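Q: You'll find input-v7.txt just under this line, and it carries compact mmCIF, C-alpha atoms.
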# COMPACT_ATOMS: atom_id res chain seq x y z
CA MET I 733 -14.78 1.43 -16.53
CA ASP I 734 -16.47 3.58 -13.93
CA ASN I 735 -14.88 3.81 -10.52
CA ASN I 736 -16.14 5.90 -7.63
CA CYS I 737 -14.14 3.98 -5.04
CA THR I 738 -10.89 5.45 -3.77
CA ILE I 739 -7.61 3.56 -3.76
CA LEU I 740 -5.24 4.80 -1.06
CA VAL I 741 -1.57 4.11 -1.74
CA VAL I 742 0.75 4.44 1.25
CA GLY I 743 4.40 4.24 0.30
CA SER I 744 7.62 5.61 -1.08
CA SER I 745 8.60 8.07 -3.75
CA ASN I 746 12.09 8.46 -5.19
CA THR I 747 13.88 10.28 -7.96
CA ASP I 748 15.94 7.86 -10.05
CA MET I 749 19.21 9.35 -11.33
CA VAL I 750 20.61 7.16 -14.10
CA VAL I 751 24.01 7.20 -15.79
CA LEU I 752 24.81 4.99 -18.78
CA THR I 753 28.37 3.71 -18.82
CA GLU I 754 30.55 1.24 -20.72
CA HIS I 755 31.54 -0.52 -17.50
CA PHE I 756 31.24 -0.10 -13.76
CA PRO I 757 34.15 1.64 -11.99
CA ILE I 758 36.25 -0.33 -9.56
CA PRO I 759 36.78 1.13 -6.06
CA GLY I 760 38.78 4.36 -6.29
CA GLU I 761 38.35 4.66 -10.07
CA THR I 762 36.76 7.61 -11.88
CA ILE I 763 35.37 6.96 -15.36
CA LEU I 764 33.55 9.05 -17.93
CA GLY I 765 29.95 7.97 -18.37
CA GLY I 766 27.49 8.52 -21.16
CA SER I 767 23.91 9.79 -21.03
CA PHE I 768 22.34 10.99 -17.80
CA PHE I 769 18.64 11.22 -17.09
CA MET I 770 16.25 11.43 -14.15
CA ASN I 771 12.99 9.55 -13.74
CA PRO I 772 10.31 9.67 -11.05
CA GLY I 773 10.23 6.38 -9.14
CA GLY I 774 9.70 4.65 -5.81
CA LYS I 775 7.37 1.68 -5.49
CA GLY I 776 4.60 3.64 -3.81
CA ALA I 777 4.57 6.43 -6.38
CA ASN I 778 4.89 3.98 -9.27
CA GLN I 779 1.88 1.99 -8.05
CA ALA I 780 -0.16 5.14 -7.46
CA VAL I 781 0.55 6.34 -11.01
CA ALA I 782 -0.35 2.92 -12.42
CA ALA I 783 -3.65 2.84 -10.53
CA ALA I 784 -4.52 6.39 -11.64
CA ARG I 785 -3.70 5.79 -15.32
CA LEU I 786 -5.70 2.57 -15.30
CA GLY I 787 -8.92 4.17 -14.13
CA GLY I 788 -8.56 4.37 -10.37
CA LYS I 789 -9.49 7.26 -8.14
CA VAL I 790 -6.24 7.48 -6.19
CA ALA I 791 -4.91 9.21 -3.07
CA PHE I 792 -1.31 8.98 -1.88
CA ILE I 793 0.25 9.18 1.58
CA GLY I 794 4.01 9.60 1.58
CA LYS I 795 6.81 11.94 2.62
CA VAL I 796 9.33 14.01 0.67
CA GLY I 797 12.02 16.52 1.56
CA ASN I 798 11.82 20.27 1.25
CA ASP I 799 13.81 20.22 -1.99
CA ILE I 800 13.44 20.27 -5.76
CA PHE I 801 12.94 16.49 -5.92
CA GLY I 802 10.07 16.68 -3.44
CA ARG I 803 8.41 19.51 -5.34
CA GLU I 804 8.77 17.65 -8.64
CA THR I 805 7.28 14.51 -7.06
CA ARG I 806 4.23 16.44 -5.89
CA GLU I 807 3.78 18.09 -9.28
CA ASN I 808 4.19 14.81 -11.14
CA LEU I 809 1.65 12.93 -9.03
CA SER I 810 -0.79 15.84 -9.24
CA ARG I 811 -0.54 15.82 -13.04
CA GLU I 812 -1.63 12.19 -12.93
CA GLY I 813 -4.81 13.21 -11.11
CA ILE I 814 -3.69 11.78 -7.77
CA ASP I 815 -4.79 13.38 -4.51
CA VAL I 816 -1.50 14.46 -2.90
CA SER I 817 -2.95 16.11 0.21
CA GLY I 818 -1.36 13.25 2.18
CA LEU I 819 2.14 13.86 0.75
CA SER I 820 3.88 15.64 3.62
CA ILE I 821 7.17 17.55 3.67
CA ASP I 822 9.97 16.54 6.03
CA PRO I 823 11.97 19.68 6.93
CA ASP I 824 14.92 17.67 8.25
CA HIS I 825 15.54 14.98 5.62
CA PRO I 826 15.96 15.03 1.83
CA SER I 827 13.67 13.35 -0.66
CA GLY I 828 14.45 9.75 -1.55
CA VAL I 829 16.82 9.19 -4.45
CA ALA I 830 18.25 6.19 -6.28
CA GLN I 831 21.61 6.40 -8.01
CA ILE I 832 21.68 3.93 -10.88
CA MET I 833 24.50 2.96 -13.23
CA VAL I 834 23.65 0.89 -16.32
CA ASP I 835 26.46 -0.71 -18.32
CA LYS I 836 26.60 -1.61 -22.02
CA ASN I 837 25.18 -5.08 -21.30
CA GLY I 838 22.11 -3.67 -19.58
CA GLU I 839 23.28 -4.72 -16.11
CA ASN I 840 22.65 -2.19 -13.38
CA CYS I 841 24.13 -1.15 -10.07
CA ILE I 842 21.79 0.72 -7.74
CA VAL I 843 22.17 2.57 -4.44
CA VAL I 844 18.99 3.90 -2.82
CA ALA I 845 18.97 6.65 -0.21
CA GLY I 846 15.48 6.47 1.29
CA GLY I 847 15.65 9.93 2.85
CA ALA I 848 12.24 11.21 3.92
CA ASN I 849 10.62 7.87 3.05
CA ASN I 850 12.32 6.43 6.13
CA PHE I 851 10.50 8.94 8.32
CA LEU I 852 6.92 8.37 7.20
CA MET I 853 5.46 7.71 10.63
CA PRO I 854 2.07 6.57 11.99
CA THR I 855 1.46 10.17 13.05
CA ASP I 856 1.63 11.18 9.37
CA VAL I 857 -1.09 8.65 8.63
CA GLU I 858 -3.21 9.86 11.54
CA LYS I 859 -3.07 13.40 10.16
CA ASN I 860 -4.66 12.02 6.99
CA GLN I 861 -7.36 9.82 8.49
CA PRO I 862 -10.00 11.21 6.08
CA LEU I 863 -8.07 9.66 3.18
CA LEU I 864 -8.11 6.28 4.91
CA ARG I 865 -11.77 6.54 5.83
CA GLN I 866 -12.87 7.27 2.26
CA ALA I 867 -10.74 4.51 0.73
CA THR I 868 -12.13 1.15 -0.31
CA VAL I 869 -8.75 -0.41 -1.13
CA VAL I 870 -5.42 0.33 0.55
CA LEU I 871 -2.21 -0.61 -1.28
CA MET I 872 1.19 -0.74 0.47
CA GLN I 873 4.76 -1.88 -0.17
CA MET I 874 7.83 -2.26 2.06
CA GLU I 875 9.88 0.90 1.38
CA VAL I 876 8.58 2.82 4.42
CA PRO I 877 8.92 1.96 8.14
CA MET I 878 7.31 -1.26 9.33
CA GLU I 879 5.58 0.52 12.21
CA THR I 880 3.72 2.64 9.68
CA ILE I 881 2.73 -0.37 7.59
CA LEU I 882 1.40 -2.09 10.72
CA HIS I 883 -0.51 1.02 11.77
CA VAL I 884 -2.16 1.41 8.37
CA ALA I 885 -3.02 -2.29 8.22
CA ASP I 886 -4.57 -2.23 11.70
CA SER I 887 -6.55 0.96 11.03
CA GLY I 888 -7.63 -0.33 7.64
CA LYS I 889 -8.83 -3.65 9.02
CA LYS I 890 -10.87 -1.89 11.69
CA GLY I 891 -12.41 0.24 8.95
CA LYS I 892 -13.18 -2.89 6.86
CA LYS I 893 -10.83 -1.82 4.05
CA LYS I 894 -9.32 -4.27 1.59
CA ILE I 895 -5.61 -4.13 2.42
CA ILE I 896 -3.24 -5.25 -0.36
CA LEU I 897 0.42 -5.69 0.54
CA ASN I 898 3.12 -5.95 -2.09
CA PRO I 899 5.94 -7.32 0.13
CA ALA I 900 8.82 -5.70 -1.75
CA PRO I 901 11.57 -5.61 -0.79
CA ALA I 902 10.80 -8.76 1.19
CA GLN I 903 11.36 -8.85 4.93
CA SER I 904 9.95 -10.84 7.82
CA LEU I 905 6.27 -10.11 8.46
CA SER I 906 4.36 -10.55 11.71
CA ASP I 907 1.29 -12.70 12.16
CA THR I 908 -0.57 -9.54 13.17
CA LEU I 909 0.17 -7.98 9.77
CA TYR I 910 -0.80 -11.11 7.85
CA ALA I 911 -4.11 -11.26 9.71
CA SER I 912 -4.94 -7.71 8.62
CA LEU I 913 -4.47 -8.36 4.90
CA TYR I 914 -7.02 -9.01 2.20
CA ALA I 915 -4.37 -9.86 -0.40
CA ILE I 916 -0.61 -10.33 -0.64
CA THR I 917 1.27 -10.07 -3.95
CA PRO I 918 4.87 -11.33 -3.80
CA ASN I 919 6.93 -12.31 -6.83
CA GLU I 920 8.69 -15.68 -6.92
CA SER I 921 11.78 -14.60 -4.98
CA GLU I 922 9.77 -12.68 -2.38
CA ALA I 923 7.45 -15.65 -1.90
CA ALA I 924 10.48 -17.88 -1.38
CA GLN I 925 11.98 -15.52 1.22
CA LEU I 926 8.72 -15.28 3.14
CA THR I 927 7.62 -18.93 2.98
CA GLY I 928 10.81 -20.96 2.46
CA VAL I 929 9.24 -22.51 -0.67
CA GLN I 930 11.16 -22.12 -3.93
CA VAL I 931 8.45 -21.15 -6.40
CA LYS I 932 9.21 -22.80 -9.73
CA ASP I 933 5.87 -24.07 -11.01
CA GLU I 934 2.18 -24.30 -10.18
CA LYS I 935 2.64 -26.98 -7.53
CA SER I 936 5.28 -25.01 -5.60
CA ALA I 937 3.26 -21.80 -5.98
CA ALA I 938 0.31 -23.59 -4.38
CA LEU I 939 2.51 -24.65 -1.45
CA ALA I 940 3.71 -21.06 -0.96
CA ALA I 941 0.14 -19.77 -1.19
CA GLY I 942 -0.88 -22.26 1.50
CA PHE I 943 1.61 -20.66 3.88
CA PHE I 944 -0.05 -17.26 3.44
CA HIS I 945 -3.56 -18.70 3.76
CA ARG I 946 -2.62 -20.35 7.05
CA LYS I 947 -1.51 -16.92 8.24
CA GLY I 948 -4.98 -15.62 7.51
CA VAL I 949 -4.59 -13.98 4.08
CA PRO I 950 -7.67 -14.74 1.92
CA VAL I 951 -6.19 -13.82 -1.47
CA VAL I 952 -2.68 -14.69 -2.66
CA VAL I 953 -1.27 -13.56 -6.00
CA ILE I 954 2.28 -14.68 -6.81
CA THR I 955 3.63 -12.95 -9.90
CA LEU I 956 5.65 -15.23 -12.16
CA GLY I 957 7.11 -12.85 -14.75
CA ALA I 958 6.51 -13.97 -18.31
CA SER I 959 4.56 -17.01 -17.05
CA GLY I 960 1.78 -14.84 -15.62
CA ALA I 961 0.50 -14.95 -12.04
CA TYR I 962 -0.66 -17.65 -9.65
CA LEU I 963 -3.97 -16.78 -7.99
CA SER I 964 -5.14 -18.60 -4.90
CA SER I 965 -8.51 -17.72 -3.38
CA ASP I 966 -11.66 -19.45 -2.21
CA SER I 967 -12.99 -19.39 -5.79
CA PHE I 968 -9.92 -20.07 -7.96
CA ASN I 969 -6.50 -21.70 -7.71
CA GLY I 970 -4.13 -21.72 -10.65
CA ILE I 971 -1.82 -19.85 -13.00
CA ILE I 972 -3.36 -17.10 -15.09
CA PRO I 973 -1.12 -16.61 -18.14
CA THR I 974 0.06 -13.22 -19.34
CA PRO I 975 0.05 -12.02 -22.97
CA ARG I 976 3.25 -12.83 -24.88
CA VAL I 977 5.30 -9.73 -25.68
CA LYS I 978 8.91 -8.85 -26.46
CA ALA I 979 10.29 -7.36 -23.26
CA VAL I 980 12.47 -4.27 -23.50
CA ASP I 981 12.66 -3.23 -19.84
CA THR I 982 10.96 -4.93 -16.89
CA THR I 983 11.41 -1.94 -14.56
CA ALA I 984 8.16 -1.23 -12.69
CA ALA I 985 6.31 -4.16 -14.26
CA GLY I 986 5.48 -5.41 -10.77
CA ASP I 987 4.36 -1.94 -9.71
CA THR I 988 2.14 -1.70 -12.78
CA PHE I 989 0.64 -5.10 -11.95
CA ASN I 990 -0.12 -4.07 -8.37
CA GLY I 991 -1.65 -0.76 -9.34
CA ALA I 992 -3.84 -2.50 -11.92
CA LEU I 993 -4.86 -5.23 -9.47
CA ALA I 994 -5.91 -2.59 -6.95
CA VAL I 995 -8.05 -0.96 -9.63
CA GLY I 996 -9.70 -4.27 -10.50
CA ILE I 997 -10.45 -5.06 -6.87
CA SER I 998 -11.79 -1.55 -6.23
CA MET I 999 -14.18 -2.03 -9.14
CA ASP I 1000 -15.40 -5.36 -7.75
CA MET I 1001 -14.04 -7.33 -10.68
CA ASP I 1002 -14.00 -11.09 -10.33
CA LEU I 1003 -10.49 -11.91 -9.03
CA VAL I 1004 -9.59 -13.85 -12.17
CA GLU I 1005 -10.59 -10.89 -14.33
CA ALA I 1006 -8.67 -8.51 -12.05
CA VAL I 1007 -5.50 -10.58 -12.44
CA LYS I 1008 -5.99 -10.80 -16.22
CA PHE I 1009 -6.34 -7.02 -16.30
CA ALA I 1010 -3.17 -6.63 -14.23
CA ASN I 1011 -1.30 -9.09 -16.46
CA LYS I 1012 -2.22 -7.08 -19.56
CA ALA I 1013 -1.11 -3.79 -18.02
CA ALA I 1014 2.20 -5.28 -16.86
CA ALA I 1015 2.77 -6.88 -20.28
CA ILE I 1016 2.41 -3.51 -21.98
CA SER I 1017 4.79 -1.89 -19.49
CA VAL I 1018 7.68 -4.26 -20.26
CA THR I 1019 7.61 -3.25 -23.93
CA ARG I 1020 8.74 0.25 -22.91
CA ALA I 1021 11.75 1.69 -21.11
CA GLY I 1022 11.61 3.37 -17.72
CA ALA I 1023 9.49 3.13 -14.59
CA GLN I 1024 6.48 5.46 -14.55
CA SER I 1025 7.08 6.31 -18.21
CA SER I 1026 6.29 2.69 -19.12
CA VAL I 1027 2.92 2.51 -17.33
CA PRO I 1028 0.01 2.25 -19.80
CA HIS I 1029 -3.28 4.11 -19.71
CA LEU I 1030 -6.67 2.45 -19.39
CA SER I 1031 -7.61 2.83 -23.06
CA GLU I 1032 -4.46 1.00 -24.16
CA THR I 1033 -5.01 -1.82 -21.70
CA GLU I 1034 -8.65 -2.36 -22.61
CA THR I 1035 -7.80 -2.70 -26.32
CA PHE I 1036 -4.63 -4.77 -25.86
CA ASN I 1037 -4.80 -8.40 -27.01
What's the structure tokens form of this structure?
A:
Amino acid sequence: MDNNCTILVVGSSNTDMVVLTEHFPIPGETILGGSFFMNPGGKGANQAVAAARLGGKVAFIGKVGNDIFGRETRENLSREGIDVSGLSIDPDHPSGVAQIMVDKNGENCIVVAGGANNFLMPTDVEKNQPLLRQATVVLMQMEVPMETILHVADSGKKGKKKIILNPAPAQSLSDTLYASLYAITPNESEAAQLTGVQVKDEKSAALAAGFFHRKGVPVVVITLGASGAYLSSDSFNGIIPTPRVKAVDTTAAGDTFNGALAVGISMDMDLVEAVKFANKAAAISVTRAGAQSSVPHLSETETFN
């Protein structure tokens, strides 16, 4: 693939701090855990890494604290070939972190402290207008302030950019935001929260997609886990199946999908082909543990059957 178009990702970055334990402590209890490890995470950073590894020319706008986690985030994204000139430092708030406990059954308990992510403001975007101007596709999620998401969407629409919104974690969206979008990419539960339709099959996915279309969104992609993804556009409506694999860890599968979809759209792939490409990348990611560590590279995805 050859891609000279820039994908701008606006979103969050976190450091995941994980402790393995036999069981979760009850309130007031101290227990001895097992292994501890740290992983780079955050939906925005995950999607930027996925897009970069899968052939995209990627820039990132986000905010970190003036601390070791922020410095490691910048270094990690830079190593992936991502333009981090839009990653600003907040002198007053720490970098985002997620504290994660995983028990012997694989269940997890997570507390996220958004930190500097919560203070990514429209003014930070304005300082990086050149990144927005040179982008063809803009990819966002919902882990930064809504006012910033609205500002980027409005600026992007005026600049005739293709705005993709991954509405995770789901929250109420305004008609103004919907009208600015080129594509929306909820999973089943997010689609249900936003539309009131319980997505269980192709028929219900079509009903949920209709809600988004009536709001003015031309392209709807509802991810369905192991069943694939439902695509609704003016040229195709239906479920596009995903390759069958043995899942080990589904962490960041959705982020991998979104990063890959942004790459496909930036390369002017047919939408069906773009979703197939995203399905393949996400399928590979679930066969590996971790978030960004599970994201495949382009060469793997192109040869995966």
Q: Taking 2 positions as the minimum chain separation for residues in the same chain, which residues sit within 7 Å of stretch 1011-1022 of chain I when counting all atoms listed in the file? Answer as a ChimeraX atom specification.
A: /I:960,974-975,977-983,985-986,988-989,992,1007-1009,1024-1028,1033
Q: So how far away is atom CA of I:Ala937 from atom CA of I:Ile896, in Å?
A: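 Between atom CA of I:Ile896 and atom CA of I:Ala937 the gap works out to 18.6 Å.
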Q: Point out the residue among I:Gln873, I:Ala915, I:Leu926, I:Glu807 with the least atom-to-atom distance to I:Phe943, counting all atoms listed in the file.
A: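 Going through I:Gln873, I:Ala915, I:Leu926, I:Glu807 one by one, the smallest distance to I:Phe943 is for I:Leu926.
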Q: Can you work out the spacing between atom CA of I:Arg811 and atom CA of I:Pro772 in Å, to one decimal?
A: 12.6 Å
Q: Could you tell me how far atom CA of I:Val995 sits from atom CA of I:Thr955, in Å to one decimal place?
A: 16.7 Å
Q: Give me, as a PyMOL selection string, all polymer residues having an atom no more than 6 Å from I:Gln831, counting only C-alpha atoms and skipping those fewer than 4 positions away in the same chain.
A: chain I and resi 749+842-843
Q: Select, from I:Thr917, I:Gly846, I:Lys890, I:Val781, the residue with the minimum atom-to-atom distance to I:Ala902, counting all atoms listed in the file.
A: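 Residue with the minimum atom-to-atom distance to I:Ala902: I:Thr917.
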Q: Smallest atom-to-atom distance to I:Phe756: which of I:Cys841, I:Phe769, I:Ser744, I:Ala780, using only C-alpha atoms?
A: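 Of I:Cys841, I:Phe769, I:Ser744, I:Ala780, the one nearest I:Phe756, counting only C-alpha atoms, is I:Cys841.
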Q: Looking at I:Gly765, I:Gly847, I:Gly774, I:Pro950, which one is nearest to I:Tyr910, with distances taken over only C-alpha atoms?
A: I:Pro950
Q: Quick one: everything within 10 Å of I:Arg806, counting all atoms listed in the file, minus sequence neighbours fewer than 2 positions away in the same chain. Send it as a VMD selection string.
A: chain I and resid 745 795 to 796 800 to 804 808 to 811 814 to 817 819 to 820
